[in-house]
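work-v6.tsv, holding TSV, C-alpha atoms:
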chain	number	residue	atom	x	y	z
A	84	MET	CA	178.45	211.79	80.64
A	85	ARG	CA	177.58	215.46	80.44
A	86	THR	CA	174.15	216.22	79.10
A	87	ARG	CA	173.72	217.89	75.72
A	88	PRO	CA	170.66	219.70	74.39
A	89	TYR	CA	170.31	217.04	71.69
A	90	PRO	CA	172.18	213.88	70.61
A	91	LEU	CA	174.84	214.65	68.01
A	92	SER	CA	173.33	211.93	65.83
A	93	ASP	CA	170.54	214.46	65.17
A	94	LEU	CA	172.99	216.26	62.87
A	95	GLU	CA	172.49	213.37	60.46
A	96	ASP	CA	168.71	213.81	60.55
A	97	ILE	CA	168.64	216.86	58.24
A	98	PRO	CA	167.56	215.87	54.71
A	99	GLY	CA	170.09	216.36	51.92
A	100	THR	CA	172.68	217.77	54.28
A	101	THR	CA	176.17	216.80	55.44
A	102	VAL	CA	177.47	218.58	58.52
A	103	PHE	CA	181.19	219.39	58.26
A	104	THR	CA	182.95	218.06	61.36
A	105	ALA	CA	186.53	217.77	62.64
A	106	LYS	CA	186.62	214.17	61.37
A	107	ARG	CA	185.52	215.21	57.88
A	108	SER	CA	187.93	218.13	57.96
A	109	ARG	CA	190.78	215.69	58.49
A	110	GLU	CA	189.55	213.29	55.78
A	111	ALA	CA	189.54	216.17	53.32
A	112	TYR	CA	192.79	217.81	54.46
A	113	HIS	CA	194.75	217.10	51.28
A	114	LEU	CA	191.73	217.77	49.05
A	115	HIS	CA	191.35	221.11	50.79
A	116	LYS	CA	195.07	221.81	50.49
A	117	PHE	CA	194.65	221.36	46.75
A	118	CYS	CA	191.62	223.70	46.75
A	119	MET	CA	193.48	226.41	48.63
A	120	SER	CA	196.46	226.10	46.29
A	121	LEU	CA	194.12	227.50	43.61
A	122	MET	CA	194.26	230.88	45.34
A	123	ASP	CA	197.43	231.48	43.31
A	124	GLU	CA	197.26	232.23	39.57
A	125	ALA	CA	200.40	230.23	38.76
A	126	ASN	CA	198.84	227.18	40.40
A	127	ARG	CA	195.56	227.72	38.59
A	128	ALA	CA	197.47	227.81	35.30
A	129	ALA	CA	199.33	224.60	36.18
A	130	PHE	CA	196.05	222.90	37.10
A	131	ARG	CA	194.34	224.01	33.88
A	132	ASP	CA	197.36	222.89	31.86
A	133	HIS	CA	197.27	219.31	33.14
A	134	GLU	CA	194.68	218.57	35.80
A	135	ARG	CA	195.74	215.05	36.65
A	136	ALA	CA	199.45	215.86	36.90
A	137	TYR	CA	198.63	218.78	39.16
A	138	LEU	CA	196.33	216.67	41.36
A	139	ASP	CA	199.03	214.02	41.69
A	140	LYS	CA	201.14	216.50	43.63
A	141	PHE	CA	198.67	216.18	46.51
A	142	ARG	CA	198.14	213.26	48.88
A	143	MET	CA	194.46	213.01	47.98
A	144	SER	CA	192.63	209.73	47.59
A	145	GLU	CA	191.97	208.42	44.10
A	146	GLU	CA	188.23	208.99	44.68
A	147	GLN	CA	188.86	212.60	45.63
A	148	LYS	CA	190.99	213.19	42.53
A	149	ARG	CA	188.36	211.61	40.29
A	150	ALA	CA	185.57	213.65	41.87
A	151	VAL	CA	187.59	216.83	41.28
A	152	GLN	CA	188.09	215.91	37.63
A	153	ASP	CA	184.36	215.12	37.35
A	154	ARG	CA	183.45	218.38	39.16
A	155	ASP	CA	181.13	216.16	41.21
A	156	PHE	CA	180.50	218.42	44.19
A	157	ASN	CA	178.12	216.05	45.99
A	158	ARG	CA	180.77	213.34	45.82
A	159	LEU	CA	183.44	215.75	47.04
A	160	ILE	CA	181.24	216.53	50.05
A	161	ASP	CA	180.75	212.78	50.62
A	162	LEU	CA	184.55	212.50	50.67
A	163	GLY	CA	184.89	215.10	53.43
A	164	GLY	CA	184.87	218.32	51.44
A	165	ASN	CA	183.38	221.62	52.49
A	166	ILE	CA	181.89	224.11	50.06
A	167	TYR	CA	184.08	227.05	51.14
A	168	PHE	CA	187.15	225.12	50.02
A	169	LEU	CA	185.44	223.63	46.97
A	170	VAL	CA	184.41	226.99	45.50
A	171	LYS	CA	188.10	227.70	44.91
A	172	LEU	CA	187.78	224.99	42.26
A	173	SER	CA	184.54	226.32	40.74
A	174	ASN	CA	185.94	229.88	40.83
A	175	THR	CA	189.00	228.62	38.95
A	176	ASP	CA	186.60	227.23	36.34
A	177	GLY	CA	184.89	230.62	36.14
A	178	TRP	CA	181.67	229.16	37.53
A	179	SER	CA	179.42	231.29	39.70
A	180	THR	CA	178.89	230.00	43.22
A	181	GLN	CA	175.25	229.55	42.27
A	182	ARG	CA	176.22	227.19	39.46
A	183	ALA	CA	178.50	225.14	41.75
A	184	VAL	CA	175.88	224.97	44.49
A	185	GLY	CA	173.00	224.27	42.10
A	186	SER	CA	174.94	221.37	40.57
A	187	MET	CA	174.36	219.42	43.80
A	188	THR	CA	170.56	219.60	43.66
A	189	GLY	CA	169.78	217.43	40.65
A	190	MET	CA	168.36	220.48	38.90
A	191	THR	CA	169.75	222.20	35.82
A	192	ALA	CA	171.46	225.56	36.39
A	193	ASP	CA	168.42	227.31	34.88
A	194	GLU	CA	165.96	225.38	37.03
A	195	TYR	CA	167.95	226.11	40.17
A	196	ALA	CA	168.26	229.81	39.31
A	197	ALA	CA	164.50	229.96	38.68
A	198	MET	CA	163.81	228.30	42.05
A	199	MET	CA	165.96	230.89	43.80
A	200	ARG	CA	164.28	233.79	41.99
A	201	ALA	CA	160.93	232.37	43.09
A	202	GLY	CA	162.01	232.52	46.75
A	203	GLY	CA	164.24	229.48	47.17
A	204	ARG	CA	163.61	226.03	48.60
A	205	SER	CA	160.99	225.95	51.34
A	206	PRO	CA	162.00	224.52	54.72
A	207	GLU	CA	158.66	222.65	54.75
A	208	GLY	CA	159.41	218.93	54.62
A	209	ASN	CA	163.15	219.66	54.70
A	210	ARG	CA	163.81	219.97	58.42
A	211	SER	CA	164.00	216.40	59.65
A	212	ILE	CA	164.12	212.98	58.05
A	213	ARG	CA	162.65	211.40	61.19
A	214	GLU	CA	159.79	213.86	61.62
A	215	GLY	CA	159.17	214.30	57.91
A	216	ASN	CA	158.56	218.01	58.44
B	30	MET	CA	186.96	257.11	75.94
B	31	ALA	CA	186.11	254.84	73.07
B	32	ARG	CA	182.40	254.18	72.62
B	33	ILE	CA	180.30	251.83	70.53
B	34	THR	CA	177.78	254.09	68.78
B	35	ALA	CA	176.01	251.66	66.47
B	36	GLY	CA	175.74	248.09	65.29
B	37	ILE	CA	175.18	247.01	61.72
B	38	ALA	CA	174.38	243.57	60.36
B	39	THR	CA	174.46	242.46	56.76
B	40	SER	CA	174.78	239.37	54.62
B	41	HIS	CA	178.13	239.08	52.82
B	42	VAL	CA	177.29	237.13	49.65
B	43	PRO	CA	180.31	236.86	47.27
B	44	ALA	CA	178.10	237.39	44.20
B	45	ILE	CA	177.19	240.84	45.57
B	46	GLY	CA	180.91	241.65	45.51
B	47	ALA	CA	181.23	240.35	41.95
B	48	ALA	CA	178.21	242.40	40.78
B	49	PHE	CA	179.66	245.46	42.51
B	50	ASP	CA	183.15	244.99	41.07
B	51	GLN	CA	181.94	244.27	37.54
B	52	GLY	CA	179.58	247.27	37.37
B	53	ARG	CA	176.40	245.15	37.32
B	54	SER	CA	174.80	246.76	40.37
B	55	GLY	CA	172.19	248.45	38.16
B	56	ASP	CA	171.07	245.19	36.50
B	57	ALA	CA	167.45	244.21	37.08
B	58	TYR	CA	168.57	241.28	39.28
B	59	TRP	CA	170.94	243.30	41.47
B	60	ALA	CA	169.36	246.77	41.61
B	61	PRO	CA	166.90	245.85	44.40
B	62	VAL	CA	169.77	244.45	46.50
B	63	PHE	CA	171.93	247.56	46.21
B	64	ALA	CA	168.91	249.84	46.73
B	65	GLY	CA	168.57	248.29	50.18
B	66	TYR	CA	171.92	249.80	51.18
B	67	GLU	CA	171.43	253.38	49.93
B	68	TRP	CA	170.15	254.47	53.33
B	69	VAL	CA	173.14	253.13	55.27
B	70	LYS	CA	175.65	254.52	52.78
B	71	ALA	CA	174.27	258.04	53.31
B	72	TRP	CA	174.04	257.50	57.08
B	73	GLU	CA	177.65	256.32	57.36
B	74	LYS	CA	178.83	259.57	55.72
B	75	VAL	CA	177.29	261.43	58.65
B	76	GLU	CA	178.27	258.93	61.35
B	77	LYS	CA	181.95	258.82	60.30
B	78	PRO	CA	183.04	255.93	62.54
B	79	ASP	CA	186.75	255.76	63.35
B	80	VAL	CA	186.93	252.02	63.76
B	81	VAL	CA	184.74	249.05	62.87
B	82	ILE	CA	185.03	245.78	64.76
B	83	LEU	CA	183.95	243.53	61.93
B	84	CYS	CA	182.65	240.06	62.83
B	85	TYR	CA	182.81	237.81	59.80
B	86	ASN	CA	183.89	234.32	58.84
B	87	ASP	CA	186.90	233.38	56.80
B	88	HIS	CA	185.78	231.19	53.89
B	89	ALA	CA	188.85	228.96	53.82
B	90	SER	CA	190.98	231.85	52.59
B	91	ALA	CA	193.34	232.56	55.49
B	92	MET	CA	192.48	229.80	57.95
B	93	MET	CA	190.35	226.66	58.35
B	94	LEU	CA	192.90	224.29	56.72
B	95	ASP	CA	195.95	224.06	58.99
B	96	VAL	CA	194.42	226.00	61.86
B	97	VAL	CA	190.74	226.23	62.81
B	98	PRO	CA	190.30	229.06	65.31
B	99	THR	CA	186.95	229.52	67.00
B	100	PHE	CA	187.49	233.26	67.48
B	101	ALA	CA	190.38	234.97	65.66
B	102	LEU	CA	191.18	238.65	66.15
B	103	GLY	CA	193.09	240.56	63.45
B	104	CYS	CA	195.91	242.47	65.13
B	105	ALA	CA	197.94	243.60	62.09
B	106	GLU	CA	198.46	247.04	60.57
B	107	GLU	CA	196.92	245.91	57.31
B	108	PHE	CA	194.97	243.08	55.73
B	109	ALA	CA	195.10	242.46	51.97
B	110	PRO	CA	192.01	241.33	50.03
B	111	ALA	CA	192.35	237.58	49.37
B	112	ASP	CA	192.49	235.84	46.00
B	113	GLU	CA	189.60	233.38	46.32
B	114	GLY	CA	190.24	231.61	43.04
B	115	TRP	CA	189.53	234.32	40.48
B	116	GLY	CA	191.90	237.08	41.56
B	117	ALA	CA	191.59	239.43	44.53
B	118	ARG	CA	188.66	241.86	44.61
B	119	PRO	CA	189.75	245.28	43.29
B	120	VAL	CA	189.08	247.00	46.60
B	121	PRO	CA	191.42	248.98	48.85
B	122	MET	CA	193.76	247.51	51.43
B	123	VAL	CA	192.06	247.14	54.81
B	124	TYR	CA	193.91	248.96	57.59
B	125	GLY	CA	193.67	247.79	61.19
B	126	HIS	CA	193.81	249.68	64.46
B	127	ILE	CA	196.67	248.00	66.25
B	128	GLU	CA	196.25	249.77	69.60
B	129	LEU	CA	192.57	248.94	70.01
B	130	ALA	CA	193.12	245.42	68.62
B	131	ALA	CA	195.91	244.78	71.15
B	132	HIS	CA	193.70	246.14	73.92
B	133	LEU	CA	190.84	243.85	72.85
B	134	ALA	CA	193.22	240.89	72.65
B	135	GLU	CA	194.34	241.56	76.20
B	136	GLN	CA	190.95	242.28	77.73
B	137	LEU	CA	189.11	239.42	76.04
B	138	VAL	CA	191.60	236.80	77.22
B	139	LEU	CA	191.47	238.31	80.72
B	140	ASP	CA	187.70	237.83	80.45
B	141	ASP	CA	188.24	234.10	79.77
B	142	PHE	CA	187.80	234.17	75.98
B	143	ASP	CA	190.63	232.10	74.50
B	144	MET	CA	191.19	234.24	71.41
B	145	THR	CA	193.46	233.35	68.52
B	146	LEU	CA	195.48	236.40	67.53
B	147	MET	CA	196.24	236.90	63.84
B	148	ASN	CA	199.35	238.94	63.16
B	149	HIS	CA	199.12	238.31	59.44
B	150	MET	CA	196.17	237.36	57.30
B	151	ASP	CA	194.34	238.17	54.09
B	152	VAL	CA	190.63	238.99	54.27
B	153	ASP	CA	188.04	237.56	51.91
B	154	HIS	CA	184.57	238.57	50.70
B	155	GLY	CA	183.16	237.94	54.15
B	156	LEU	CA	184.86	241.14	55.28
B	157	THR	CA	185.19	243.20	52.09
B	158	VAL	CA	181.62	242.83	50.73
B	159	PRO	CA	180.13	244.49	53.83
B	160	LEU	CA	182.68	247.33	53.47
B	161	SER	CA	181.64	247.83	49.83
B	162	LEU	CA	177.95	247.83	50.81
B	163	MET	CA	178.40	250.44	53.56
B	164	PHE	CA	180.92	252.71	51.85
B	165	GLY	CA	180.50	252.10	48.11
B	166	LYS	CA	183.31	252.40	45.60
B	167	VAL	CA	186.16	254.27	47.28
B	168	ASP	CA	189.90	254.73	46.82
B	169	GLU	CA	190.47	253.99	50.47
B	170	TRP	CA	188.17	252.73	53.22
B	171	PRO	CA	187.11	255.62	55.48
B	172	VAL	CA	187.58	253.52	58.65
B	173	LYS	CA	190.09	251.35	60.42
B	174	VAL	CA	188.90	247.77	60.70
B	175	ILE	CA	189.52	245.15	63.36
B	176	PRO	CA	188.58	241.79	61.84
B	177	LEU	CA	187.04	239.25	64.19
B	178	ALA	CA	186.75	235.91	62.40
B	179	VAL	CA	184.39	233.30	63.83
B	180	ASN	CA	184.36	229.62	62.95
B	181	VAL	CA	180.90	229.01	61.48
B	182	THR	CA	182.10	226.34	59.06
B	183	GLN	CA	183.26	223.38	61.09
B	184	PHE	CA	180.93	221.83	63.66
B	185	PRO	CA	180.80	222.62	66.49
B	186	THR	CA	180.82	226.34	65.93
B	187	PRO	CA	180.66	228.45	69.06
B	188	SER	CA	177.09	228.60	70.36
B	189	GLY	CA	174.95	231.66	69.79
B	190	ASN	CA	175.01	232.28	73.51
B	191	ARG	CA	178.82	232.16	73.59
B	192	CYS	CA	178.87	234.73	70.78
B	193	TRP	CA	176.52	236.87	72.85
B	194	MET	CA	178.88	236.71	75.83
B	195	LEU	CA	181.82	237.66	73.63
B	196	GLY	CA	179.88	240.69	72.42
B	197	GLU	CA	179.27	241.75	76.02
B	198	ALA	CA	183.00	241.43	76.78
B	199	ILE	CA	183.86	243.48	73.68
B	200	ALA	CA	181.56	246.26	74.91
B	201	HIS	CA	183.38	246.38	78.25
B	202	ALA	CA	186.78	246.33	76.57
B	203	VAL	CA	185.93	249.16	74.19
B	204	GLU	CA	184.55	251.23	77.05
B	205	ALA	CA	187.86	250.81	78.90
B	206	PHE	CA	189.97	252.05	75.97
B	207	PRO	CA	191.22	255.54	76.79
B	208	GLU	CA	191.33	257.08	73.31
B	209	ASP	CA	188.23	258.94	72.14
B	210	LEU	CA	187.04	256.74	69.29
B	211	ASN	CA	183.72	256.36	67.52
B	212	VAL	CA	183.49	252.57	67.20
B	213	GLN	CA	180.91	250.53	65.33
B	214	ILE	CA	180.50	246.79	65.51
B	215	TRP	CA	179.24	244.83	62.54
B	216	GLY	CA	177.85	241.31	62.40
B	217	THR	CA	177.90	239.77	58.95
B	218	GLY	CA	176.79	236.63	57.13
B	219	GLY	CA	173.39	234.98	56.91
B	220	MET	CA	170.56	235.10	56.51
B	221	SER	CA	169.08	231.69	55.66
B	222	HIS	CA	171.04	229.80	53.01
B	223	GLN	CA	172.48	226.38	52.33
B	224	LEU	CA	175.34	225.93	49.88
B	225	GLN	CA	175.67	222.16	49.81
B	226	GLY	CA	173.89	218.95	48.94
B	227	PRO	CA	170.41	218.25	47.59
B	228	ARG	CA	168.87	220.67	50.14
B	229	ALA	CA	170.90	223.60	48.72
B	230	GLY	CA	168.86	226.71	48.04
B	231	LEU	CA	166.94	226.56	51.33
B	232	ILE	CA	165.44	229.93	52.28
B	233	ASN	CA	163.33	230.51	55.39
B	234	PRO	CA	161.82	234.01	55.44
B	235	GLU	CA	159.77	233.29	58.59
B	236	PHE	CA	162.89	232.36	60.54
B	237	ASP	CA	164.84	235.31	59.13
B	238	ASN	CA	162.19	237.90	59.91
B	239	ALA	CA	161.67	236.52	63.41
B	240	PHE	CA	165.44	236.83	63.90
B	241	LEU	CA	165.39	240.45	62.71
B	242	ASP	CA	162.48	241.19	65.08
B	243	GLY	CA	164.26	239.43	67.93
B	244	LEU	CA	167.27	241.73	67.73
B	245	THR	CA	165.16	244.46	69.31
B	246	LYS	CA	162.34	242.50	70.97
B	247	ASP	CA	163.56	239.08	72.15
B	248	THR	CA	167.29	238.77	72.55
B	249	ASP	CA	166.92	236.00	75.15
B	250	GLY	CA	165.03	233.99	72.54
B	251	LEU	CA	167.84	234.50	70.02
B	252	ARG	CA	170.49	233.47	72.55
B	253	ALA	CA	168.67	230.17	73.09
B	254	ILE	CA	168.69	229.06	69.43
B	255	THR	CA	170.78	225.88	69.20
B	256	ARG	CA	173.23	225.03	66.45
B	257	LEU	CA	170.90	222.25	65.32
B	258	GLU	CA	167.99	224.67	65.05
B	259	TYR	CA	170.05	227.04	62.87
B	260	LEU	CA	171.03	224.12	60.63
B	261	ARG	CA	167.49	222.83	60.34
B	262	GLU	CA	165.69	226.16	59.99
B	263	SER	CA	168.16	228.44	58.22
B	264	GLY	CA	170.42	226.01	56.33
B	265	THR	CA	173.98	224.91	56.98
B	266	GLU	CA	175.34	228.35	56.15
B	267	GLY	CA	172.51	230.19	57.92
B	268	ILE	CA	174.36	229.48	61.17
B	269	GLU	CA	176.49	232.51	60.24
B	270	LEU	CA	173.74	234.44	62.05
B	271	ILE	CA	175.48	233.69	65.36
B	272	MET	CA	177.91	236.46	64.37
B	273	TRP	CA	175.04	238.95	64.46
B	274	LEU	CA	174.66	238.14	68.16
B	275	ILE	CA	178.21	239.35	68.91
B	276	MET	CA	177.22	242.67	67.37
B	277	ARG	CA	173.88	242.84	69.14
B	278	ALA	CA	175.27	241.96	72.58
B	279	ALA	CA	177.93	244.68	72.29
B	280	LEU	CA	175.15	247.30	72.07
B	281	GLY	CA	173.76	246.68	75.55
B	282	LYS	CA	170.26	245.92	76.74
B	283	ASP	CA	168.04	248.19	74.67
B	284	VAL	CA	168.46	249.30	71.10
B	285	GLU	CA	166.59	251.34	68.55
B	286	GLU	CA	166.17	249.94	65.05
B	287	LEU	CA	167.16	252.65	62.56
B	288	GLN	CA	166.94	250.68	59.33
B	289	ARG	CA	166.04	247.23	58.08
B	290	PHE	CA	166.17	245.51	54.70
B	291	TYR	CA	165.30	241.97	53.61
B	292	HIS	CA	165.44	240.57	50.10
B	293	VAL	CA	165.41	237.14	48.42
B	294	PRO	CA	167.53	236.13	46.61
B	295	ALA	CA	171.11	237.16	46.06
B	296	SER	CA	172.55	234.11	44.33
B	297	ASN	CA	171.82	231.33	46.88
B	298	THR	CA	171.07	233.54	49.84
B	299	ALA	CA	168.48	235.60	51.68
B	300	VAL	CA	169.91	239.09	52.19
B	301	GLY	CA	169.28	240.74	55.53
B	302	HIS	CA	170.51	244.07	56.81
B	303	ILE	CA	169.77	246.04	59.97
B	304	VAL	CA	171.15	249.14	61.68
B	305	LEU	CA	170.84	249.42	65.44
B	306	ARG	CA	171.63	252.21	67.90
B	307	PRO	CA	172.22	251.58	71.60
B	308	LYS	CA	169.61	253.51	73.59
B	309	THR	CA	172.25	254.64	76.08
B	310	ALA	CA	174.45	256.25	73.41
B	311	THR	CA	174.89	259.99	73.59

Translate this file's structure into C-alpha cells.
Amino acid sequence: MRTRPYPLSDLEDIPGTTVFTAKRSREAYHLHKFCMSLMDEANRAAFRDHERAYLDKFRMSEEQKRAVQDRDFNRLIDLGGNIYFLVKLSNTDGWSTQRAVGSMTGMTADEYAAMMRAGGRSPEGNRSIREGN
Amino acid sequence: MARITAGIATSHVPAIGAAFDQGRSGDAYWAPVFAGYEWVKAWEKVEKPDVVILCYNDHASAMMLDVVPTFALGCAEEFAPADEGWGARPVPMVYGHIELAAHLAEQLVLDDFDMTLMNHMDVDHGLTVPLSLMFGKVDEWPVKVIPLAVNVTQFPTPSGNRCWMLGEAIAHAVEAFPEDLNVQIWGTGGMSHQLQGPRAGLINPEFDNAFLDGLTKDTDGLRAITRLEYLRESGTEGIELIMWLIMRAALGKDVEELQRFYHVPASNTAVGHIVLRPKTAT
C-alpha cells in the first residue's frame, strides 16, 4: 500500500459535512441529470407545471424524487447530491443560494442571514468530531 | 514574446453577479463588496491586458455530470454565459484566444499535465463574475479569455501542490509563445465557505488572512496545505483556493502585492481579492 498523508476515513470526521466523492457522484447521476435539465427554460416550465410527472422522466430513486419535491437539501446530499447541481433546483424556485444553503442548518432563513452578517459560523468546535475542536 | 505581467485572485460568488446584474451594487449590503474592486477596475484600464488565463471551477454547468475533468482548458473561439437555472447572466460573450490556448494545450501535455481540452462549453458565474468585478458593466469584454476549469467539487480534487506545478508550467508555456501579448492569470473562488449540511456558513478569517499573507511570504507553506486541511479549516467549498495557487505559481518566485481586499460576508462566503505583480516583470 502506498502511504497517504491521512486516512481517507478522516473525510468523515468533519462535523455536519458530507464530502462529495466519485461513489456519491454515481449514486446521484440521475438526480444530477434532472438538476442540469433545469438549465433550460422549457424544462423548468415543464417541471413547474407537473413536478412529479417531470421527475418520472428520470431514473432517480423514489427517495431522491421525494426529497426533490420536499426541497429537502440535507436529504438530497445524503442521497449523493452535490450543492452545485442542487442549486439549479433552488434557482428554478427563485430561491437565493443563501436560502437553499441556510435551509440545511436547522436555522430559519432570517437566523442564517443574521449569522452570516455577524461573520459566519466559527470554525471553533467545527473542525473534527474526534478531536472536538 | 508573450509575458505574464500580473496575477489577480478573487472570489466568484454568484450572488455578487446577481447584485451586479440587478443594479443592487449600491445597496447597503453590497456597496462594501463592490467598493473593494474600485481600485482594480481603474488599474485594469491602465494595464490593458490582451489575454487572461482564467482559473475557475465549473459549477455543474458545462461538466461534472457526464465528464469530470481535473484540469480542462477552453480552446474555443467563444464561450457563452451559461443558464444556471434562472436564465443566463446578461453579460457579453466571452471570446477565447485560440492560438495561445492551442499552444498551452500542447505545451502542458508535453510537460506531463494530462489536460482535458474543451472545444465547446458554456461558462458560468465562476468565470463571468470575476470579469464583471474587474471590468464593470461593458458591452464587450476588453480581453480575450482562456478558461482553465479545475475540479474542486468532487474528491479528490488535484492537490494544491499539483496546482502550483501547473502554474509553473503555464508560465514556461506563455514565455515560449512568440506573439507579443500582455497576459494576466487569474485565480478565482474561495475564500472560506461551506455550502452544504449543518456546518454551512463556516467562515475562517484567520485561515483566509494567513493564506493572503502566504501568497507573498510563505508559498511553500501554502503548497503544503492538504485537501483535508482546506475542508476542515475553510469549508468544503473553501478548497477552491487551490486555484489561487495556479495563479501564484505562474508569477515566479517573488511578487509584489499591489492591492488586497477582504470582506465578510457575500451571501455564504468570505470575499478575498488580491493583485500581485511578478518582481521580474519589466

### Message
Using all atoms listed in the file and a distance of at most 7 Å, pull out the residues of chain B that contact chain A, as a PyMOL selection string.
### Response
chain B and resi 88-89+94+112-115+183-184+224-233+257+261-262+293-294+296-297

#### Entry: Selected residue of minimal separation from Gln136 of chain B among B:Gly116, B:His201, B:Glu106, B:Pro43, counting only C-alpha atoms
B:His201

### Task
Could you tell me how far atom CA of Glu235 of chain B lies from atom CA of Gly208 of chain A, in Å and to one decimal?
14.9 Å

#### Entry: Atom pair atom CA of Asp143 of chain B / atom CA of Met84 of chain A: separation (Å)
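Atom CA of Met84 of chain A lies at a distance of 24.5 Å from atom CA of Asp143 of chain B.
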
### Cut-off 7 Å around (179.2, 240.4, 60.0) with only C-alpha atoms: residues as a ChimeraX atom specification
/B:38-39,83-85,215-218,272-273

Listed atoms of segment 150-153 of chain A, axis-aligned box, 8 Å per side: centre and edge lengths to one decimal in Å, as AutoDock Vina command-line options?
--center_x 186.2 --center_y 215.2 --center_z 39.6 --size_x 19.7 --size_y 19.2 --size_z 20.5

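The space separating atom CA of Ala109 of chain B from atom CA of Asp151 of chain B comes to 4.8 Å.
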
Can you find the residues with an atom no farther than 12 Å from (188.5, 236.6, 79.3), counting all atoms listed in the file, and report them as a short mmCIF file (atom, residue, chain, number, x, y, z; two decimals) with C-alpha atoms, in the frame of the given file?
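After the write, point.cif holds the following:
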data_model
loop_
_atom_site.label_atom_id
_atom_site.label_comp_id
_atom_site.auth_asym_id
_atom_site.auth_seq_id
_atom_site.Cartn_x
_atom_site.Cartn_y
_atom_site.Cartn_z
CA LEU B 133 190.84 243.85 72.85
CA ALA B 134 193.22 240.89 72.65
CA GLU B 135 194.34 241.56 76.20
CA GLN B 136 190.95 242.28 77.73
CA LEU B 137 189.11 239.42 76.04
CA VAL B 138 191.60 236.80 77.22
CA LEU B 139 191.47 238.31 80.72
CA ASP B 140 187.70 237.83 80.45
CA ASP B 141 188.24 234.10 79.77
CA PHE B 142 187.80 234.17 75.98
CA ASP B 143 190.63 232.10 74.50
CA MET B 144 191.19 234.24 71.41
CA MET B 194 178.88 236.71 75.83
CA LEU B 195 181.82 237.66 73.63
CA GLY B 196 179.88 240.69 72.42
CA GLU B 197 179.27 241.75 76.02
CA ALA B 198 183.00 241.43 76.78
CA ILE B 199 183.86 243.48 73.68
CA HIS B 201 183.38 246.38 78.25
CA ALA B 202 186.78 246.33 76.57
#

### Task
Pick out the residues sitting within 9 Å of Phe164 of chain B, and hand them over as a PyMOL selection string; count all atoms listed in the file, and ignore anything fewer than 2 positions along from it in its own chain.
chain B and resi 69-71+73-74+159-162+166-167+170-171

#### Entry: B:Leu129, B:Ala48, B:Met163, B:Ile175 ranked by distance to Met147 of chain B, top pick (using all atoms listed in the file)
B:Ile175

### Task
Using all atoms listed in the file, determine which residues lie at most 10 Å from segment 62-65 of chain B, disregarding the query and same-chain residues fewer than 3 positions distant; provide the list as a list of chain:residue names.
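My reading of the contact set: B:Ile45, B:Ala48, B:Phe49, B:Ser54, B:Gly55, B:Ala57, B:Tyr58, B:Trp59, B:Trp68, B:Val69, B:Lys70, B:Leu162, B:Gly165, B:Gln288, B:Arg289, B:Phe290, B:Tyr291, B:His292, B:Val293, B:Pro294, B:Ala295, B:Val300, B:Gly301, B:His302.
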
### Query
Hey, which of B:Pro207, B:Lys308, B:His149, B:Arg118 ends up closest to Val284 of chain B? Count all atoms listed in the file.
B:Lys308
